[in-house]
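**Student:** The structure's right below; bear with me while I get my questions together.
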Amino acid sequence: MPKKKKTDKEFEKIVDFIFEAGTARNLIRSHNQVLRQVNDSISSHSFRTAIIGLILADLEKADSAKIVKMCLLHDLAEVRTGDSNFINKFYRIEKEHEAVKDQWSDLPGGEEAIKILSEYNARKTKEAIVAKDADSLDQIFLQKEYLSEKPADFKRWHEHIACRIKTSSARKIAGLVFRTNPLKWVYNIDEAEKKGEKHQC
């Protein structure tokens, strides 16, 4: 049986949703309340979380497609609910499930997205656990970037997040982040270039 052709109204809903998703780049994450130099957004956080998730999926022999979807979509409801830092969450009730349902109902792939996000939030499957570890790792990377000049503060935040990590691969990465200079990758490129050109400053 041939697929039913989408109506103009259905395509309009798709366009509206894509505009909505784009506003995630404008939502600076709420930890800027205590970390004043913060400039990461819901979009940038979700992007790097997905990159981390892709790597963890391979290390943990899990379904990479599902994990990347979880990572990309895990905070999209915050376009409607707003982002909450750990302080806000003591006092605020979020209707994330309702926001997810309202965002995705009647969209192509919406039923799958709702199911994937429900699985992610339940944290029972291997993929959901790996995706959550990716989310936690991005937070650890951010804290290292923002607090590298305040080692005591970074140590405390690192311990707060790292204790929640479940997979061995993510724990190994978290430990390395603790003692890695965020600019080391730049220096590595510089050193490799110097060796290749055989010149000294």
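Going through the structure tokens in order, the chains are called A, B, and so on, while each chain numbers its residues from 1 and the ligands are numbered from 1 in the order shown.
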Excluding range 147-162 of chain A and its own-chain neighbours fewer than 3 positions away, which residues fall within 10 Å of it when counting only C-alpha atoms? Please give them as a tab-separated table (two decimals) with C-alpha atoms, in the first residue's frame.
**Tutor:**
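Once written, selection-v3.tsv looks like this:
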chain	number	residue	atom	x	y	z
A	35	LEU	CA	29.98	29.89	36.22
A	37	GLN	CA	32.14	32.78	31.78
A	133	ASP	CA	27.40	8.70	30.50
A	136	SER	CA	27.84	13.41	32.10
A	137	LEU	CA	31.20	13.37	30.31
A	139	GLN	CA	29.63	18.21	31.64
A	140	ILE	CA	33.03	17.08	32.97
A	141	PHE	CA	34.78	18.39	29.84
A	142	LEU	CA	32.96	21.72	30.24
A	143	GLN	CA	33.91	21.97	33.89
A	144	LYS	CA	37.56	21.36	33.02
A	165	ILE	CA	29.16	7.39	35.56
A	166	LYS	CA	28.38	3.71	34.97
A	170	ALA	CA	33.40	6.63	30.43
A	171	ARG	CA	35.10	6.28	33.84
A	174	ALA	CA	36.60	11.05	33.08
A	175	GLY	CA	39.84	10.20	34.88
A	177	VAL	CA	40.00	14.66	31.69
A	178	PHE	CA	40.91	15.37	35.31
A	179	ARG	CA	44.63	15.56	34.48
A	180	THR	CA	44.57	16.78	30.86
A	181	ASN	CA	45.14	20.38	29.78
A	182	PRO	CA	42.18	21.42	27.57
**Student:** Which residues, written as a list in words, have at least one atom at most 6 Å from Ala50 in chain A, with only C-alpha atoms counted and residues fewer than 5 positions away on the same chain left out?
**Tutor:**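 Contacts, with the query itself left out: Val68, Cys71 and Leu72 of chain A.
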**Student:** Write the residues you've just listed into a file as a short mmCIF file (atom, residue, chain, number, x, y, z; two decimals), in the first residue's frame, and include C-alpha atoms for each of them.
**Tutor:**
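The resulting file, again_3.cif, is shown below:
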data_model
loop_
_atom_site.label_atom_id
_atom_site.label_comp_id
_atom_site.auth_asym_id
_atom_site.auth_seq_id
_atom_site.Cartn_x
_atom_site.Cartn_y
_atom_site.Cartn_z
CA VAL A 68 23.51 9.20 18.94
CA CYS A 71 22.31 12.24 22.77
CA LEU A 72 21.11 14.64 20.09
#
**Student:** Kindly give the distance, in Å, that separates CA of Leu73 in chain A and CA of Glu145 in chain A, rounded to a single decimal.
**Tutor:**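 Value for the CA of Leu73 in chain A-CA of Glu145 in chain A distance: 23.7 Å.
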**Student:** In Å, how far is it from CA of Ser30 in chain A to CA of Ser84 in chain A?
**Tutor:**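 A separation of 5.8 Å between them.
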**Student:** Between A:Lys5, A:Lys172, A:Arg29, A:His97, single out the one closest to Asn121 in chain A, counting only C-alpha atoms.
**Tutor:** A:His97
**Student:** Please, which residues of chain A, numbered as in this document, come out alpha helix (DSSP H) from DSSP, as a count of residues only?
**Tutor:** 128
**Student:** List as an mmCIF file with N, CA and C atoms, in the first residue's frame the protein and nucleic acid residues near range 59-63 of chain A, meaning an atom at most 10 Å away when only C-alpha atoms are counted, but skip any in the same chain fewer than 3 places from it.
**Tutor:**
data_model
loop_
_atom_site.group_PDB
_atom_site.id
_atom_site.type_symbol
_atom_site.label_atom_id
_atom_site.label_comp_id
_atom_site.auth_asym_id
_atom_site.auth_seq_id
_atom_site.Cartn_x
_atom_site.Cartn_y
_atom_site.Cartn_z
ATOM 1 N N GLY A 53 28.948 10.173 22.668
ATOM 2 C CA GLY A 53 28.103 8.975 22.619
ATOM 3 C C GLY A 53 28.508 8.026 21.510
ATOM 4 N N LEU A 54 28.866 8.573 20.355
ATOM 5 C CA LEU A 54 29.302 7.752 19.227
ATOM 6 C C LEU A 54 30.572 6.969 19.594
ATOM 7 N N ILE A 55 31.497 7.637 20.258
ATOM 8 C CA ILE A 55 32.748 6.984 20.676
ATOM 9 C C ILE A 55 32.473 5.934 21.749
ATOM 10 N N LEU A 56 31.681 6.296 22.753
ATOM 11 C CA LEU A 56 31.361 5.338 23.827
ATOM 12 C C LEU A 56 30.616 4.115 23.294
ATOM 13 N N LYS A 66 21.212 4.362 17.918
ATOM 14 C CA LYS A 66 20.255 4.704 18.976
ATOM 15 C C LYS A 66 20.874 5.679 19.983
ATOM 16 N N ILE A 67 22.126 5.448 20.331
ATOM 17 C CA ILE A 67 22.797 6.310 21.310
ATOM 18 C C ILE A 67 22.955 7.729 20.780
ATOM 19 N N VAL A 68 23.356 7.858 19.525
ATOM 20 C CA VAL A 68 23.515 9.199 18.936
ATOM 21 C C VAL A 68 22.171 9.923 18.917
ATOM 22 N N THR A 125 18.283 0.400 29.730
ATOM 23 C CA THR A 125 18.981 -0.319 28.669
ATOM 24 C C THR A 125 20.441 0.132 28.605
ATOM 25 N N LYS A 126 21.248 -0.712 27.980
ATOM 26 C CA LYS A 126 22.670 -0.387 27.817
ATOM 27 C C LYS A 126 22.836 0.936 27.080
ATOM 28 N N GLU A 127 22.035 1.131 26.028
ATOM 29 C CA GLU A 127 22.135 2.348 25.228
ATOM 30 C C GLU A 127 21.794 3.598 26.039
ATOM 31 N N ALA A 128 20.766 3.501 26.872
ATOM 32 C CA ALA A 128 20.384 4.646 27.708
ATOM 33 C C ALA A 128 21.478 4.980 28.719
ATOM 34 N N VAL A 130 24.742 4.317 28.373
ATOM 35 C CA VAL A 130 25.874 4.887 27.631
ATOM 36 C C VAL A 130 25.576 6.342 27.249
ATOM 37 N N THR A 167 29.715 3.268 32.947
ATOM 38 C CA THR A 167 30.500 2.382 32.088
ATOM 39 C C THR A 167 31.997 2.562 32.334
ATOM 40 N N SER A 168 32.749 1.481 32.110
ATOM 41 C CA SER A 168 34.196 1.524 32.364
ATOM 42 C C SER A 168 34.898 2.493 31.411
ATOM 43 N N SER A 169 34.453 2.544 30.164
ATOM 44 C CA SER A 169 35.079 3.450 29.185
ATOM 45 C C SER A 169 34.897 4.909 29.594
ATOM 46 N N ALA A 170 33.685 5.256 30.015
ATOM 47 C CA ALA A 170 33.401 6.635 30.430
ATOM 48 C C ALA A 170 34.181 6.989 31.694
#
**Student:** By how many Å are CA of Glu96 in chain A and CA of Thr81 in chain A apart?
**Tutor:**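 If I compute the distance from CA of Glu96 in chain A to CA of Thr81 in chain A, I get 6.7 Å.
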**Student:** For range 107-111 of chain A, list every protein, DNA or RNA residue within 8 Å, evaluated using only C-alpha atoms, and leave out those in the same chain fewer than 6 positions away; present the list as a PyMOL selection string.
**Tutor:** chain A and resi 10+13-14
**Student:** For the selection you just gave me, I'd like the residues written to a file as a short mmCIF file (atom, residue, chain, number, x, y, z; two decimals), in the first residue's frame, keeping C-alpha atoms.
**Tutor:**
data_model
loop_
_atom_site.label_atom_id
_atom_site.label_comp_id
_atom_site.auth_asym_id
_atom_site.auth_seq_id
_atom_site.Cartn_x
_atom_site.Cartn_y
_atom_site.Cartn_z
CA GLU A 10 1.79 18.55 7.96
CA LYS A 13 4.37 21.59 11.27
CA ILE A 14 7.72 20.14 10.20
#
**Student:** Just checking: using only C-alpha atoms, which residue out of A:Ile51, A:Met70, A:Glu12, A:Val38 ends up closest to Arg123 in chain A?
**Tutor:** A:Met70
